[in-house]
Amino acid sequence: MNTVSRVITVDGVSNLRDLGGLPTSEGGRIRRGKLYRSARLSGVTERGRAQLKALGIAVVCDFRGVMESASAPSAIDGVVGRIHPLPIEPTLKAHTGALYGTSATEGVKTRDVMVDIYRVFGSRRIGAFGDLIALLVDDETPLLFHCTAGKDRTGFSAAIILRLLGVHMDDIMHDYLLTNDHWKGTGLLDHLPDEARKAIEMVDQTYLEAAFESVDATYGSFETYAEKVLRLDSDAIDRLRLLYVE
């Protein structure tokens with residue numbers, strides 16, 4: 001698998017990758033230049049704006065919560081076709097506030113919180129995920145989706161898309177873990193104990209596994225999740241594969 005060529009350089013944006021090029025279990029590959037994922041776009045420079053514009057992005061889906069996006073607006077007016085807010089309000093601060101400065105096991109506890117957050121991704125009917133897939137079914141692409149770090153809400157979304165398109169779970173996990181190489185961080189968590197900060201800032205295989213385990217526990221199977229939460233029937237899944245697999 002060629003991972004380096006899927007990393008896109010845009011000045012002021014980190015963790016920007018093309019999902020294209022990943023192999024599917026039926027021998028195809030995800031089409032390049034159609035589906036992108038990244039961290040927030042609020043820091044993009046003038047040079048970065050030109051680099052981003054060259055990608056021809058039609059729609060940017062922003063998973064950040066209302067306050068998140070208001071405090072760091074995406075600096076991409078005139079660069080992309082349109083911004084489509086799909087807010088998923090963050091819950092990390094509420095979950096972890098009581099942990100900091102309490103014990104030497106903060107890192108372990110914070111990892112447990114992260115696992116719980118991913119379980120919620122898999123168990124709740126989060127409409128934003130289905131709304132994103134609906135845009136893909138309508139072929140409103142090239143499309144870029146992101147949150148703040150481009151790792152949790154964005155990471156699970158990417159995993160959903162790749163699974164729908166028939167990518168093997170090993171390759172989905174490999175793509176997910178690439179965030180640990182390509183997200184530059186914000187420095188906002190530098191005041192936390194190192195282990196707690198790492199548990200939040202990095203992705204971990206157990207996190208994504210927890211999300212899909214929660215999908216199976218709540219809905220019985222990923223296929224039922226696709227039907228009930230993502231609002232997809234077999235024809236829609238076939239259309240997705242026709243559009244995004246070559």
# chains A, B, ... in the order shown; residues from 1 in each chain; ligands from 1
call {"tool": "residues_around", "arguments": {"residues": "Leu135 (chain A)", "least_positions_apart": "6", "cutoff": "10 Å", "atoms": "only C-alpha atoms", "output": "ChimeraX atom specification"}}
result
/A:59,61,84,141,143
call {"tool": "residues_around", "arguments": {"residues": "region 121-123 of chain A", "least_positions_apart": "3", "cutoff": "8 Å", "atoms": "only C-alpha atoms", "output": "JSON list (two decimals) with N, CA and C atoms, in the first residue's frame"}}
result
[["chain", "number", "residue", "atom", "x", "y", "z"],
["A", 117, "ILE", "N", -15.81, 7.34, 24.51],
["A", 117, "ILE", "CA", -16.25, 8.28, 23.48],
["A", 117, "ILE", "C", -16.45, 7.55, 22.16],
["A", 118, "TYR", "N", -15.55, 6.67, 21.81],
["A", 118, "TYR", "CA", -15.67, 5.90, 20.58],
["A", 118, "TYR", "C", -16.84, 4.93, 20.65],
["A", 126, "ILE", "N", -25.93, 9.07, 15.39],
["A", 126, "ILE", "CA", -25.37, 10.40, 15.15],
["A", 126, "ILE", "C", -25.65, 10.78, 13.70],
["A", 153, "ARG", "N", -13.67, 12.08, 15.43],
["A", 153, "ARG", "CA", -14.89, 12.15, 14.61],
["A", 153, "ARG", "C", -14.56, 11.90, 13.15],
["A", 156, "PHE", "N", -13.37, 8.07, 12.66],
["A", 156, "PHE", "CA", -14.46, 7.10, 12.59],
["A", 156, "PHE", "C", -15.22, 7.25, 11.28],
["A", 210, "ALA", "N", -13.20, -0.28, 19.64],
["A", 210, "ALA", "CA", -14.34, -0.07, 20.55],
["A", 210, "ALA", "C", -15.54, 0.47, 19.81],
["A", 211, "ALA", "N", -15.33, 1.36, 18.84],
["A", 211, "ALA", "CA", -16.45, 1.91, 18.08],
["A", 211, "ALA", "C", -17.17, 0.82, 17.30],
["A", 212, "PHE", "N", -16.43, -0.03, 16.62],
["A", 212, "PHE", "CA", -17.06, -1.07, 15.81],
["A", 212, "PHE", "C", -17.64, -2.19, 16.68],
["A", 213, "GLU", "N", -17.03, -2.45, 17.83],
["A", 213, "GLU", "CA", -17.63, -3.40, 18.77],
["A", 213, "GLU", "C", -18.97, -2.87, 19.27],
["A", 214, "SER", "N", -19.04, -1.56, 19.48],
["A", 214, "SER", "CA", -20.28, -0.94, 19.92],
["A", 214, "SER", "C", -21.34, -0.99, 18.83],
["A", 215, "VAL", "N", -20.91, -0.81, 17.58],
["A", 215, "VAL", "CA", -21.84, -0.97, 16.44],
["A", 215, "VAL", "C", -22.47, -2.36, 16.46],
["A", 217, "ALA", "N", -22.64, -4.51, 18.97],
["A", 217, "ALA", "CA", -23.43, -4.75, 20.18],
["A", 217, "ALA", "C", -24.78, -4.06, 20.12],
["A", 218, "THR", "N", -24.82, -2.88, 19.52],
["A", 218, "THR", "CA", -26.06, -2.10, 19.49],
["A", 218, "THR", "C", -26.99, -2.50, 18.36],
["A", 219, "TYR", "N", -26.41, -2.76, 17.18],
["A", 219, "TYR", "CA", -27.22, -2.98, 15.98],
["A", 219, "TYR", "C", -27.14, -4.41, 15.44]]
call {"tool": "select_by_dssp", "arguments": {"residues": "region 106-176 of chain A", "states": "strand (DSSP E or B)", "output": "list in words"}}
result
Leu143, Leu144, Phe145, His146 and Val167 of chain A
call {"tool": "write_last_selection", "arguments": {"atoms": "C-alpha atoms", "output": "CSV table (one decimal), in the first residue's frame"}}
result
chain,number,residue,atom,x,y,z
A,143,LEU,CA,-15.3,16.4,-0.6
A,144,LEU,CA,-13.2,17.0,2.4
A,145,PHE,CA,-14.4,16.2,5.9
A,146,HIS,CA,-12.7,17.3,9.1
A,167,VAL,CA,-11.6,-2.0,2.2
call {"tool": "select_by_dssp", "arguments": {"residues": "region 56-171 of chain A", "states": "alpha helix (DSSP H)", "output": "MDAnalysis selection string"}}
result
chainID A and resid 66:71 92:96 106:123 127:137 153:164 169:171
call {"tool": "residues_around", "arguments": {"residues": "His168 (chain A)", "least_positions_apart": "6", "cutoff": "10 Å", "atoms": "only C-alpha atoms", "output": "list in words"}}
result
Leu22, Pro23, Thr24, Ser25, Glu26 and Leu162 of chain A
call {"tool": "residues_around", "arguments": {"residues": "Phe129 (chain A)", "least_positions_apart": "4", "cutoff": "12 Å", "atoms": "only C-alpha atoms", "output": "number ranges by chain"}}
result
A: 61-63, 85-88, 121-122, 124-125, 133-136, 145-146, 153-161, 225-226, 228-232
call {"tool": "write_last_selection", "arguments": {"atoms": "N, CA and C atoms", "output": "short mmCIF file (atom, residue, chain, number, x, y, z; two decimals), in the first residue's frame"}}
result
data_model
loop_
_atom_site.label_atom_id
_atom_site.label_comp_id
_atom_site.auth_asym_id
_atom_site.auth_seq_id
_atom_site.Cartn_x
_atom_site.Cartn_y
_atom_site.Cartn_z
N CYS A 61 -17.03 19.31 4.77
CA CYS A 61 -17.91 18.96 5.89
C CYS A 61 -17.15 19.15 7.19
N ASP A 62 -17.68 20.00 8.06
CA ASP A 62 -17.02 20.37 9.31
C ASP A 62 -17.77 19.73 10.47
N PHE A 63 -17.11 18.75 11.13
CA PHE A 63 -17.73 18.04 12.25
C PHE A 63 -17.57 18.78 13.58
N PRO A 85 -21.69 22.53 7.53
CA PRO A 85 -21.51 22.15 8.94
C PRO A 85 -22.29 20.88 9.27
N LEU A 86 -21.60 19.94 9.90
CA LEU A 86 -22.24 18.73 10.41
C LEU A 86 -21.78 18.56 11.86
N PRO A 87 -22.22 19.45 12.76
CA PRO A 87 -21.63 19.50 14.10
C PRO A 87 -21.89 18.25 14.94
N ILE A 88 -20.82 17.74 15.50
CA ILE A 88 -20.88 16.71 16.53
C ILE A 88 -20.20 17.32 17.74
N PHE A 121 -19.73 6.81 19.58
CA PHE A 121 -19.77 6.95 18.12
C PHE A 121 -20.51 5.77 17.50
N GLY A 122 -20.23 4.58 18.00
CA GLY A 122 -20.81 3.38 17.41
C GLY A 122 -22.23 3.07 17.84
N ARG A 124 -24.68 5.47 19.26
CA ARG A 124 -25.70 6.50 19.08
C ARG A 124 -26.03 6.70 17.60
N ARG A 125 -27.22 7.14 17.35
CA ARG A 125 -27.63 7.48 15.99
C ARG A 125 -27.19 8.91 15.70
N ILE A 133 -22.57 10.64 4.45
CA ILE A 133 -22.71 9.57 3.46
C ILE A 133 -23.71 9.97 2.38
N ALA A 134 -24.77 10.68 2.77
CA ALA A 134 -25.77 11.12 1.79
C ALA A 134 -25.13 12.03 0.74
N LEU A 135 -24.21 12.89 1.15
CA LEU A 135 -23.51 13.75 0.20
C LEU A 135 -22.68 12.91 -0.76
N LEU A 136 -22.10 11.84 -0.25
CA LEU A 136 -21.30 10.97 -1.11
C LEU A 136 -22.18 10.21 -2.10
N PHE A 145 -13.70 16.15 4.64
CA PHE A 145 -14.36 16.18 5.94
C PHE A 145 -13.30 16.29 7.04
N HIS A 146 -13.65 17.03 8.09
CA HIS A 146 -12.66 17.27 9.14
C HIS A 146 -13.35 17.61 10.45
N ARG A 153 -13.67 12.08 15.43
CA ARG A 153 -14.89 12.15 14.61
C ARG A 153 -14.56 11.90 13.15
N THR A 154 -13.46 12.49 12.69
CA THR A 154 -13.02 12.29 11.31
C THR A 154 -12.51 10.87 11.10
N GLY A 155 -11.79 10.34 12.06
CA GLY A 155 -11.25 8.98 11.93
C GLY A 155 -12.33 7.93 11.83
N PHE A 156 -13.37 8.07 12.66
CA PHE A 156 -14.46 7.10 12.59
C PHE A 156 -15.22 7.25 11.28
N SER A 157 -15.41 8.49 10.83
CA SER A 157 -16.10 8.71 9.55
C SER A 157 -15.34 8.06 8.41
N ALA A 158 -14.02 8.26 8.38
CA ALA A 158 -13.21 7.64 7.33
C ALA A 158 -13.32 6.13 7.38
N ALA A 159 -13.31 5.58 8.58
CA ALA A 159 -13.43 4.12 8.73
C ALA A 159 -14.77 3.61 8.21
N ILE A 160 -15.84 4.35 8.49
CA ILE A 160 -17.16 3.98 7.98
C ILE A 160 -17.16 3.96 6.46
N ILE A 161 -16.65 5.04 5.86
CA ILE A 161 -16.63 5.14 4.40
C ILE A 161 -15.84 3.99 3.79
N TYR A 225 -26.29 -1.37 10.97
CA TYR A 225 -25.93 0.01 11.28
C TYR A 225 -26.02 0.88 10.02
N ALA A 226 -25.51 0.36 8.92
CA ALA A 226 -25.56 1.11 7.66
C ALA A 226 -27.00 1.41 7.26
N LYS A 228 -29.81 1.39 9.41
CA LYS A 228 -30.58 2.13 10.40
C LYS A 228 -30.04 3.52 10.68
N VAL A 229 -28.72 3.67 10.70
CA VAL A 229 -28.12 4.96 11.06
C VAL A 229 -27.67 5.74 9.83
N LEU A 230 -27.04 5.05 8.89
CA LEU A 230 -26.54 5.74 7.70
C LEU A 230 -27.58 5.83 6.60
N ARG A 231 -28.73 5.15 6.80
CA ARG A 231 -29.87 5.22 5.89
C ARG A 231 -29.52 4.70 4.49
N LEU A 232 -28.80 3.60 4.44
CA LEU A 232 -28.35 3.03 3.17
C LEU A 232 -29.00 1.67 2.94
#
call {"tool": "residues_around", "arguments": {"residues": "Thr186 (chain A)", "least_positions_apart": "3", "cutoff": "9 Å", "atoms": "only C-alpha atoms", "output": "PyMOL selection string"}}
result
chain A and resi 149+189-190
call {"tool": "residues_around", "arguments": {"residues": "region 192-203 of chain A", "least_positions_apart": "2", "cutoff": "7 Å", "atoms": "only C-alpha atoms", "output": "PyMOL selection string"}}
result
chain A and resi 106-107+110-111+151+177+179-180+189-190+205
call {"tool": "write_last_selection", "arguments": {"atoms": "N, CA and C atoms", "output": "CSV table (one decimal), in the first residue's frame"}}
result
chain,number,residue,atom,x,y,z
A,106,GLU,N,-3.5,8.7,35.5
A,106,GLU,CA,-4.3,9.6,34.6
A,106,GLU,C,-4.4,9.1,33.2
A,107,GLY,N,-3.2,8.7,32.7
A,107,GLY,CA,-3.1,8.2,31.3
A,107,GLY,C,-4.1,7.0,31.0
A,110,THR,N,-7.6,8.3,31.2
A,110,THR,CA,-8.0,9.0,30.0
A,110,THR,C,-8.2,8.2,28.8
A,111,ARG,N,-7.4,7.1,28.7
A,111,ARG,CA,-7.6,6.2,27.6
A,111,ARG,C,-9.0,5.5,27.7
A,151,LYS,N,-9.0,13.3,13.8
A,151,LYS,CA,-8.6,12.0,14.2
A,151,LYS,C,-9.7,11.1,14.8
A,177,LEU,N,-4.5,4.9,11.9
A,177,LEU,CA,-3.3,5.1,12.8
A,177,LEU,C,-2.3,6.0,12.2
A,179,THR,N,-2.7,9.0,11.6
A,179,THR,CA,-2.8,10.2,12.3
A,179,THR,C,-1.7,10.4,13.2
A,180,ASN,N,-1.2,9.4,13.8
A,180,ASN,CA,-0.1,9.5,14.8
A,180,ASN,C,1.2,10.0,14.1
A,189,LEU,N,-2.9,21.1,24.9
A,189,LEU,CA,-2.9,20.1,26.0
A,189,LEU,C,-1.5,19.9,26.6
A,190,ASP,N,-0.6,20.8,26.3
A,190,ASP,CA,0.7,20.7,26.8
A,190,ASP,C,0.8,20.8,28.4
A,205,GLN,N,-5.4,1.7,18.4
A,205,GLN,CA,-6.2,0.7,17.8
A,205,GLN,C,-7.4,0.3,18.7
call {"tool": "residues_around", "arguments": {"residues": "Arg17 (chain A)", "least_positions_apart": "4", "cutoff": "9 Å", "atoms": "only C-alpha atoms", "output": "JSON, numbers by chain"}}
result
{"A": [5, 6, 7, 8, 9, 35, 36, 37, 38]}
call {"tool": "closest_residue", "arguments": {"among": "A:Leu242, A:Ile83, A:Cys147, A:Leu132", "to": "Val13 (chain A)", "atoms": "only C-alpha atoms"}}
result
A:Cys147
call {"tool": "closest_residue", "arguments": {"among": "A:Arg47, A:Arg119, A:His174, A:Arg40", "to": "Leu19 (chain A)", "atoms": "only C-alpha atoms"}}
result
A:His174
call {"tool": "atom_distance", "arguments": {"atom1": "CA of Ala70 (chain A)", "atom2": "CA of Gly130 (chain A)"}}
result
23.4 Å
